[in-house]
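Participant: Quick one: the structure is below, questions incoming.
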There are 2 protein chains.
Amino acid sequence: MNNQAQLDRSFLALSHPVRRTIVERLTRGPATVGEASQGLPVSKPAVTKHLKVLEDAGVVARTVSGRTHVLRLRRRALRDATQWLELHRALWEAKFEAIEEHIAKEDTA
Amino acid sequence: MNNQAQLDRSFLALSHPVRRTIVERLTRGPATVGEASQGLPVSKPAVTKHLKVLEDAGVVARTVSGRTHVLRLRRRALRDATQWLELHRALWEAKFEAIEEHIAKEDTA
DNA sequence: CTGATTGTTCACCTAGAGGTGAACAATAAC
DNA sequence: GTTATTGTTCACCTCTAGGTGAACAATCAG
């Protein structure tokens, strides 16, 4: 399985406010589709599509329980995305602080 | 300024392998467009577009120097994206470890 | 059985992402 | 001045993201 493509999907999944809201709600515990999408400014078919993006990215898992579908977060995809950022942050935080400060001073002048 | 929209763009910027490669290379120091995109499997116009996405997201800054354009990372956008992930990771890591283990056992059974 | 509820699927639309080759602009080198 | 280099802009293409209303499937409640 291609790890790059998996990262693509994870970051893409987080790049839409509706999907980030759903993820935020699921951090408070599993929820049905209706609960997780309540009040969001989109139609039901749109929610279905956003959930497909989240599931394809491995960010969310679904358990069908009767007529309701219970959603919960999966840790791996989100952990991988976090690790990519932290890995590279360590480098740029150390390296470019001085450079940026230098440029900020130039901009002010 | 809308912080949500800014997060949208940052995560979107990271959702493409060509753009992530450019970011990775810039963690090793500023580079020209040619250096940062060397060997990538896309044409020059495509690189120009990817750079626009990175700049719009605030991930990359550009300094025109003669006929070459020097690119460097900006910390803020990447830091904000990292913080969003870490903020929510703290919650889901704590809350769902037990649940996922439980489900894993069910799947095995 | 009937009706309400939950969520998906279907058919459709529009805007934008991502790609290209060709032409151009600006600078650097000779 | 002429040529090479760096990168963008232009015109174009295709595919997908994101949205909708209407219809459907499945389950639950009466």
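Every chain in the structure tokens takes a letter, A first, then B, and so on in the order presented; its residues are numbered from 1, and the ligands are numbered from 1 following the presented order.
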I want to know what sits within 12 Å of DA29 of chain D, based on only C-alpha atoms (C1' of nucleotides), with residues of the same chain fewer than 5 positions away left out; could you give that as an mmCIF file with N, CA, C and O atoms (P, O5', C5', C4', C3', O3' and C1' of nucleotides), in the first residue's frame?
Facilitator:
```
data_model
loop_
_atom_site.group_PDB
_atom_site.id
_atom_site.type_symbol
_atom_site.label_atom_id
_atom_site.label_comp_id
_atom_site.auth_asym_id
_atom_site.auth_seq_id
_atom_site.Cartn_x
_atom_site.Cartn_y
_atom_site.Cartn_z
ATOM 1 P P DT C 2 -51.279 -1.046 4.592
ATOM 2 O "O5'" DT C 2 -50.789 0.094 5.593
ATOM 3 C "C5'" DT C 2 -51.598 0.428 6.713
ATOM 4 C "C4'" DT C 2 -51.024 1.639 7.443
ATOM 5 C "C3'" DT C 2 -50.398 2.702 6.535
ATOM 6 O "O3'" DT C 2 -50.753 3.990 7.023
ATOM 7 C "C1'" DT C 2 -48.790 1.959 8.089
ATOM 8 P P DG C 3 -50.332 5.328 6.196
ATOM 9 O "O5'" DG C 3 -49.191 5.933 7.141
ATOM 10 C "C5'" DG C 3 -49.476 6.131 8.532
ATOM 11 C "C4'" DG C 3 -48.225 6.584 9.268
ATOM 12 C "C3'" DG C 3 -47.442 7.696 8.563
ATOM 13 O "O3'" DG C 3 -47.025 8.623 9.541
ATOM 14 C "C1'" DG C 3 -46.036 5.824 8.874
ATOM 15 P P DA C 4 -46.365 10.013 9.128
ATOM 16 O "O5'" DA C 4 -44.972 9.885 9.887
ATOM 17 C "C5'" DA C 4 -44.977 9.517 11.273
ATOM 18 C "C4'" DA C 4 -43.568 9.166 11.718
ATOM 19 C "C3'" DA C 4 -42.499 10.177 11.281
ATOM 20 O "O3'" DA C 4 -41.651 10.403 12.385
ATOM 21 C "C1'" DA C 4 -41.922 8.015 10.517
ATOM 22 P P DT C 5 -40.561 11.553 12.344
ATOM 23 O "O5'" DT C 5 -39.240 10.671 12.176
ATOM 24 C "C5'" DT C 5 -39.069 9.551 13.026
ATOM 25 C "C4'" DT C 5 -37.776 8.842 12.694
ATOM 26 C "C3'" DT C 5 -36.635 9.760 12.272
ATOM 27 O "O3'" DT C 5 -35.485 9.368 13.002
ATOM 28 C "C1'" DT C 5 -36.923 8.040 10.678
#
```
Participant: Among chain B, which ones does DSSP assign to strand (DSSP E or B) (computed from the backbone)? Answer as a PyMOL selection string.
Facilitator: chain B and resi 31-32+60-65+68-73
Participant: Once chain B has been least-squares superposed onto chain A, matching all their Cα atoms in order, can you return it as a tab-separated table (two decimals) with C-alpha atoms, in the first residue's frame?
Facilitator:
```tsv
chain	number	residue	atom	x	y	z
B	1	MET	CA	0.19	0.01	-0.02
B	2	ASN	CA	1.34	3.48	-0.93
B	3	ASN	CA	1.98	5.61	2.11
B	4	GLN	CA	2.17	8.76	0.02
B	5	ALA	CA	-1.31	8.24	-1.39
B	6	GLN	CA	-2.56	7.58	2.12
B	7	LEU	CA	-1.11	10.89	3.31
B	8	ASP	CA	-2.67	12.62	0.30
B	9	ARG	CA	-6.09	11.39	1.33
B	10	SER	CA	-5.64	12.19	5.00
B	11	PHE	CA	-4.65	15.79	4.39
B	12	LEU	CA	-7.35	16.14	1.76
B	13	ALA	CA	-9.88	14.83	4.26
B	14	LEU	CA	-8.88	17.59	6.67
B	15	SER	CA	-9.00	20.33	4.03
B	16	HIS	CA	-12.75	20.92	4.21
B	17	PRO	CA	-14.49	22.66	7.12
B	18	VAL	CA	-17.45	20.29	7.14
B	19	ARG	CA	-15.17	17.29	7.39
B	20	ARG	CA	-13.01	18.88	10.08
B	21	THR	CA	-16.14	19.66	12.07
B	22	ILE	CA	-17.20	16.02	11.85
B	23	VAL	CA	-13.76	14.92	13.02
B	24	GLU	CA	-13.87	17.40	15.90
B	25	ARG	CA	-17.21	16.06	17.02
B	26	LEU	CA	-16.01	12.48	16.86
B	27	THR	CA	-13.15	13.30	19.21
B	28	ARG	CA	-15.83	13.59	21.87
B	29	GLY	CA	-16.97	10.05	21.19
B	30	PRO	CA	-18.67	7.89	18.56
B	31	ALA	CA	-21.77	9.37	16.98
B	32	THR	CA	-24.39	8.55	14.40
B	33	VAL	CA	-24.35	10.23	11.00
B	34	GLY	CA	-27.18	12.48	12.09
B	35	GLU	CA	-25.47	13.52	15.30
B	36	ALA	CA	-22.09	14.07	13.68
B	37	SER	CA	-23.55	16.23	10.91
B	38	GLN	CA	-26.21	18.07	12.88
B	39	GLY	CA	-26.48	21.75	12.01
B	40	LEU	CA	-23.91	21.60	9.25
B	41	PRO	CA	-24.84	23.79	6.28
B	42	VAL	CA	-25.10	20.96	3.79
B	43	SER	CA	-27.67	18.50	2.54
B	44	LYS	CA	-27.75	14.83	3.46
B	45	PRO	CA	-26.27	13.63	0.16
B	46	ALA	CA	-23.37	16.01	0.73
B	47	VAL	CA	-22.80	14.53	4.18
B	48	THR	CA	-22.74	11.05	2.68
B	49	LYS	CA	-20.03	12.16	0.27
B	50	HIS	CA	-17.94	13.82	2.96
B	51	LEU	CA	-18.13	10.65	5.01
B	52	LYS	CA	-16.90	8.65	2.05
B	53	VAL	CA	-13.87	10.94	1.82
B	54	LEU	CA	-13.18	10.47	5.53
B	55	GLU	CA	-13.56	6.71	5.29
B	56	ASP	CA	-11.41	6.40	2.17
B	57	ALA	CA	-8.72	8.33	4.02
B	58	GLY	CA	-8.98	5.91	6.92
B	59	VAL	CA	-9.85	8.75	9.27
B	60	VAL	CA	-13.31	7.49	10.16
B	61	ALA	CA	-14.81	4.03	10.54
B	62	ARG	CA	-18.46	3.09	10.41
B	63	THR	CA	-20.48	0.41	12.16
B	64	VAL	CA	-23.98	-0.15	10.88
B	65	SER	CA	-26.30	-0.74	13.77
B	66	GLY	CA	-29.89	-1.15	12.78
B	67	ARG	CA	-30.93	1.79	10.67
B	68	THR	CA	-28.33	4.09	12.18
B	69	HIS	CA	-24.67	4.19	11.25
B	70	VAL	CA	-22.27	4.80	14.11
B	71	LEU	CA	-19.08	6.68	13.25
B	72	ARG	CA	-15.84	6.70	15.19
B	73	LEU	CA	-12.34	8.01	14.60
B	74	ARG	CA	-9.49	5.77	13.58
B	75	ARG	CA	-6.16	6.78	14.99
B	76	ARG	CA	-3.69	5.59	12.41
B	77	ALA	CA	-4.40	7.99	9.55
B	78	LEU	CA	-4.47	11.02	11.84
B	79	ARG	CA	-1.36	9.86	13.61
B	80	ASP	CA	0.50	9.49	10.31
B	81	ALA	CA	-0.49	12.97	9.22
B	82	THR	CA	0.61	14.40	12.55
B	83	GLN	CA	3.92	12.61	12.32
B	84	TRP	CA	4.64	13.96	8.86
B	85	LEU	CA	4.09	17.48	10.12
B	86	GLU	CA	6.11	17.04	13.28
B	87	LEU	CA	8.99	15.41	11.45
B	88	HIS	CA	9.35	18.37	9.15
B	89	ARG	CA	8.46	20.98	11.69
B	90	ALA	CA	11.47	20.03	13.73
B	91	LEU	CA	13.64	20.94	10.77
B	92	TRP	CA	12.02	24.18	9.70
B	93	GLU	CA	11.51	25.50	13.20
B	94	ALA	CA	15.19	25.14	13.93
B	95	LYS	CA	16.48	26.35	10.62
B	96	PHE	CA	14.39	29.29	9.60
B	97	GLU	CA	13.64	31.22	12.71
B	98	ALA	CA	16.65	33.44	12.22
B	99	ILE	CA	16.01	33.84	8.53
B	100	GLU	CA	12.42	34.92	9.01
B	101	GLU	CA	13.38	37.39	11.68
B	102	HIS	CA	15.95	38.83	9.35
B	103	ILE	CA	13.38	39.20	6.57
B	104	ALA	CA	10.84	40.71	8.94
B	105	LYS	CA	13.36	43.40	9.80
B	106	GLU	CA	14.01	44.06	6.13
B	107	ASP	CA	10.26	44.41	5.50
B	108	THR	CA	9.99	46.94	8.31
B	109	ALA	CA	12.91	48.93	7.04
```
Participant: Restrict the distance test to only C-alpha atoms (C1' of nucleotides), flag each residue of chain C within 8 Å of chain A, and return the flagged residues as a list of chain:residue names.
Facilitator: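 Residues satisfying the distance criterion: C:DT6, C:DG7, C:DT8.
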Participant: Pick out the chain D residues within 9 Å of chain B. Count only C-alpha atoms (C1' of nucleotides). Give them as a PDB file with all heavy atoms, in the first residue's frame.
Facilitator:
```
ATOM      1  P    DT D   5      21.391  26.915 -21.627  1.00  0.00           P
ATOM      2  OP1  DT D   5      22.430  26.096 -20.989  1.00  0.00           O
ATOM      3  OP2  DT D   5      20.370  26.325 -22.531  1.00  0.00           O
ATOM      4  O5'  DT D   5      20.635  27.739 -20.484  1.00  0.00           O
ATOM      5  C5'  DT D   5      21.383  28.637 -19.677  1.00  0.00           C
ATOM      6  C4'  DT D   5      20.473  29.284 -18.654  1.00  0.00           C
ATOM      7  O4'  DT D   5      19.696  30.325 -19.305  1.00  0.00           O
ATOM      8  C3'  DT D   5      19.459  28.339 -18.002  1.00  0.00           C
ATOM      9  O3'  DT D   5      19.567  28.511 -16.611  1.00  0.00           O
ATOM     10  C2'  DT D   5      18.111  28.800 -18.545  1.00  0.00           C
ATOM     11  C1'  DT D   5      18.374  30.281 -18.817  1.00  0.00           C
ATOM     12  N1   DT D   5      17.539  30.928 -19.865  1.00  0.00           N
ATOM     13  C2   DT D   5      16.958  32.148 -19.592  1.00  0.00           C
ATOM     14  O2   DT D   5      17.097  32.727 -18.535  1.00  0.00           O
ATOM     15  N3   DT D   5      16.223  32.671 -20.629  1.00  0.00           N
ATOM     16  C4   DT D   5      16.009  32.116 -21.877  1.00  0.00           C
ATOM     17  O4   DT D   5      15.333  32.690 -22.717  1.00  0.00           O
ATOM     18  C5   DT D   5      16.640  30.838 -22.090  1.00  0.00           C
ATOM     19  C7   DT D   5      16.459  30.140 -23.409  1.00  0.00           C
ATOM     20  C6   DT D   5      17.364  30.305 -21.086  1.00  0.00           C
ATOM     21  P    DT D   6      18.764  27.558 -15.578  1.00  0.00           P
ATOM     22  OP1  DT D   6      19.635  27.321 -14.414  1.00  0.00           O
ATOM     23  OP2  DT D   6      18.199  26.428 -16.350  1.00  0.00           O
ATOM     24  O5'  DT D   6      17.559  28.495 -15.133  1.00  0.00           O
ATOM     25  C5'  DT D   6      17.837  29.700 -14.443  1.00  0.00           C
ATOM     26  C4'  DT D   6      16.537  30.413 -14.143  1.00  0.00           C
ATOM     27  O4'  DT D   6      16.017  30.966 -15.376  1.00  0.00           O
ATOM     28  C3'  DT D   6      15.430  29.505 -13.587  1.00  0.00           C
ATOM     29  O3'  DT D   6      14.978  30.058 -12.367  1.00  0.00           O
ATOM     30  C2'  DT D   6      14.342  29.507 -14.668  1.00  0.00           C
ATOM     31  C1'  DT D   6      14.625  30.795 -15.421  1.00  0.00           C
ATOM     32  N1   DT D   6      14.231  30.805 -16.861  1.00  0.00           N
ATOM     33  C2   DT D   6      13.555  31.901 -17.357  1.00  0.00           C
ATOM     34  O2   DT D   6      13.258  32.853 -16.677  1.00  0.00           O
ATOM     35  N3   DT D   6      13.252  31.815 -18.701  1.00  0.00           N
ATOM     36  C4   DT D   6      13.547  30.784 -19.561  1.00  0.00           C
ATOM     37  O4   DT D   6      13.227  30.840 -20.737  1.00  0.00           O
ATOM     38  C5   DT D   6      14.256  29.672 -18.975  1.00  0.00           C
ATOM     39  C7   DT D   6      14.638  28.499 -19.818  1.00  0.00           C
ATOM     40  C6   DT D   6      14.564  29.732 -17.662  1.00  0.00           C
ATOM     41  P    DG D   7      14.089  29.187 -11.378  1.00  0.00           P
ATOM     42  OP1  DG D   7      14.246  29.694 -10.001  1.00  0.00           O
ATOM     43  OP2  DG D   7      14.337  27.762 -11.682  1.00  0.00           O
ATOM     44  O5'  DG D   7      12.633  29.556 -11.888  1.00  0.00           O
ATOM     45  C5'  DG D   7      12.156  30.887 -11.634  1.00  0.00           C
ATOM     46  C4'  DG D   7      11.010  31.206 -12.547  1.00  0.00           C
ATOM     47  O4'  DG D   7      11.357  30.964 -13.917  1.00  0.00           O
ATOM     48  C3'  DG D   7       9.731  30.379 -12.340  1.00  0.00           C
ATOM     49  O3'  DG D   7       8.831  31.134 -11.535  1.00  0.00           O
ATOM     50  C2'  DG D   7       9.195  30.142 -13.751  1.00  0.00           C
ATOM     51  C1'  DG D   7      10.148  30.923 -14.644  1.00  0.00           C
ATOM     52  N9   DG D   7      10.357  30.321 -15.943  1.00  0.00           N
ATOM     53  C8   DG D   7      10.968  29.130 -16.239  1.00  0.00           C
ATOM     54  N7   DG D   7      10.987  28.857 -17.511  1.00  0.00           N
ATOM     55  C5   DG D   7      10.343  29.934 -18.101  1.00  0.00           C
ATOM     56  C6   DG D   7      10.051  30.202 -19.477  1.00  0.00           C
ATOM     57  O6   DG D   7      10.316  29.510 -20.463  1.00  0.00           O
ATOM     58  N1   DG D   7       9.374  31.416 -19.626  1.00  0.00           N
ATOM     59  C2   DG D   7       9.031  32.258 -18.589  1.00  0.00           C
ATOM     60  N2   DG D   7       8.389  33.357 -18.928  1.00  0.00           N
ATOM     61  N3   DG D   7       9.301  32.023 -17.313  1.00  0.00           N
ATOM     62  C4   DG D   7       9.945  30.851 -17.140  1.00  0.00           C
ATOM     63  P    DT D   8       7.319  30.720 -11.347  1.00  0.00           P
ATOM     64  OP1  DT D   8       6.916  31.265 -10.044  1.00  0.00           O
ATOM     65  OP2  DT D   8       7.145  29.291 -11.649  1.00  0.00           O
ATOM     66  O5'  DT D   8       6.595  31.580 -12.485  1.00  0.00           O
ATOM     67  C5'  DT D   8       6.897  32.965 -12.575  1.00  0.00           C
ATOM     68  C4'  DT D   8       6.115  33.610 -13.703  1.00  0.00           C
ATOM     69  O4'  DT D   8       6.539  33.052 -14.972  1.00  0.00           O
ATOM     70  C3'  DT D   8       4.607  33.399 -13.620  1.00  0.00           C
ATOM     71  O3'  DT D   8       3.961  34.653 -13.813  1.00  0.00           O
ATOM     72  C2'  DT D   8       4.308  32.413 -14.753  1.00  0.00           C
ATOM     73  C1'  DT D   8       5.422  32.692 -15.744  1.00  0.00           C
ATOM     74  N1   DT D   8       5.810  31.506 -16.557  1.00  0.00           N
ATOM     75  C2   DT D   8       5.707  31.569 -17.931  1.00  0.00           C
ATOM     76  O2   DT D   8       5.303  32.550 -18.526  1.00  0.00           O
ATOM     77  N3   DT D   8       6.114  30.419 -18.581  1.00  0.00           N
ATOM     78  C4   DT D   8       6.586  29.252 -18.016  1.00  0.00           C
ATOM     79  O4   DT D   8       6.916  28.293 -18.704  1.00  0.00           O
ATOM     80  C5   DT D   8       6.654  29.264 -16.575  1.00  0.00           C
ATOM     81  C7   DT D   8       7.151  28.044 -15.851  1.00  0.00           C
ATOM     82  C6   DT D   8       6.270  30.364 -15.926  1.00  0.00           C
ATOM     83  P    DT D   9       2.388  34.765 -13.625  1.00  0.00           P
ATOM     84  OP1  DT D   9       2.168  36.119 -13.094  1.00  0.00           O
ATOM     85  OP2  DT D   9       1.886  33.576 -12.924  1.00  0.00           O
ATOM     86  O5'  DT D   9       1.836  34.716 -15.130  1.00  0.00           O
ATOM     87  C5'  DT D   9       2.358  35.627 -16.077  1.00  0.00           C
ATOM     88  C4'  DT D   9       1.782  35.325 -17.459  1.00  0.00           C
ATOM     89  O4'  DT D   9       2.385  34.125 -17.994  1.00  0.00           O
ATOM     90  C3'  DT D   9       0.261  35.084 -17.489  1.00  0.00           C
ATOM     91  O3'  DT D   9      -0.266  35.841 -18.561  1.00  0.00           O
ATOM     92  C2'  DT D   9       0.142  33.586 -17.728  1.00  0.00           C
ATOM     93  C1'  DT D   9       1.374  33.317 -18.563  1.00  0.00           C
ATOM     94  N1   DT D   9       1.889  31.916 -18.535  1.00  0.00           N
ATOM     95  C2   DT D   9       2.138  31.291 -19.727  1.00  0.00           C
ATOM     96  O2   DT D   9       1.950  31.796 -20.808  1.00  0.00           O
ATOM     97  N3   DT D   9       2.636  30.012 -19.590  1.00  0.00           N
ATOM     98  C4   DT D   9       2.892  29.327 -18.416  1.00  0.00           C
ATOM     99  O4   DT D   9       3.330  28.190 -18.428  1.00  0.00           O
ATOM    100  C5   DT D   9       2.607  30.061 -17.209  1.00  0.00           C
ATOM    101  C7   DT D   9       2.848  29.425 -15.881  1.00  0.00           C
ATOM    102  C6   DT D   9       2.123  31.305 -17.322  1.00  0.00           C
TER     103       DT D   9
END
```
Participant: I need the residues of chain A that end up classed as helix (DSSP H, G or I) by DSSP on the backbone, written out as a count of residues only.
Facilitator: 72
Participant: Measure the distance from atom C1' of DC13 of chain C to atom C1' of DC10 of chain D in Å and round it to one decimal.
Facilitator: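 A separation of 27.3 Å between them.
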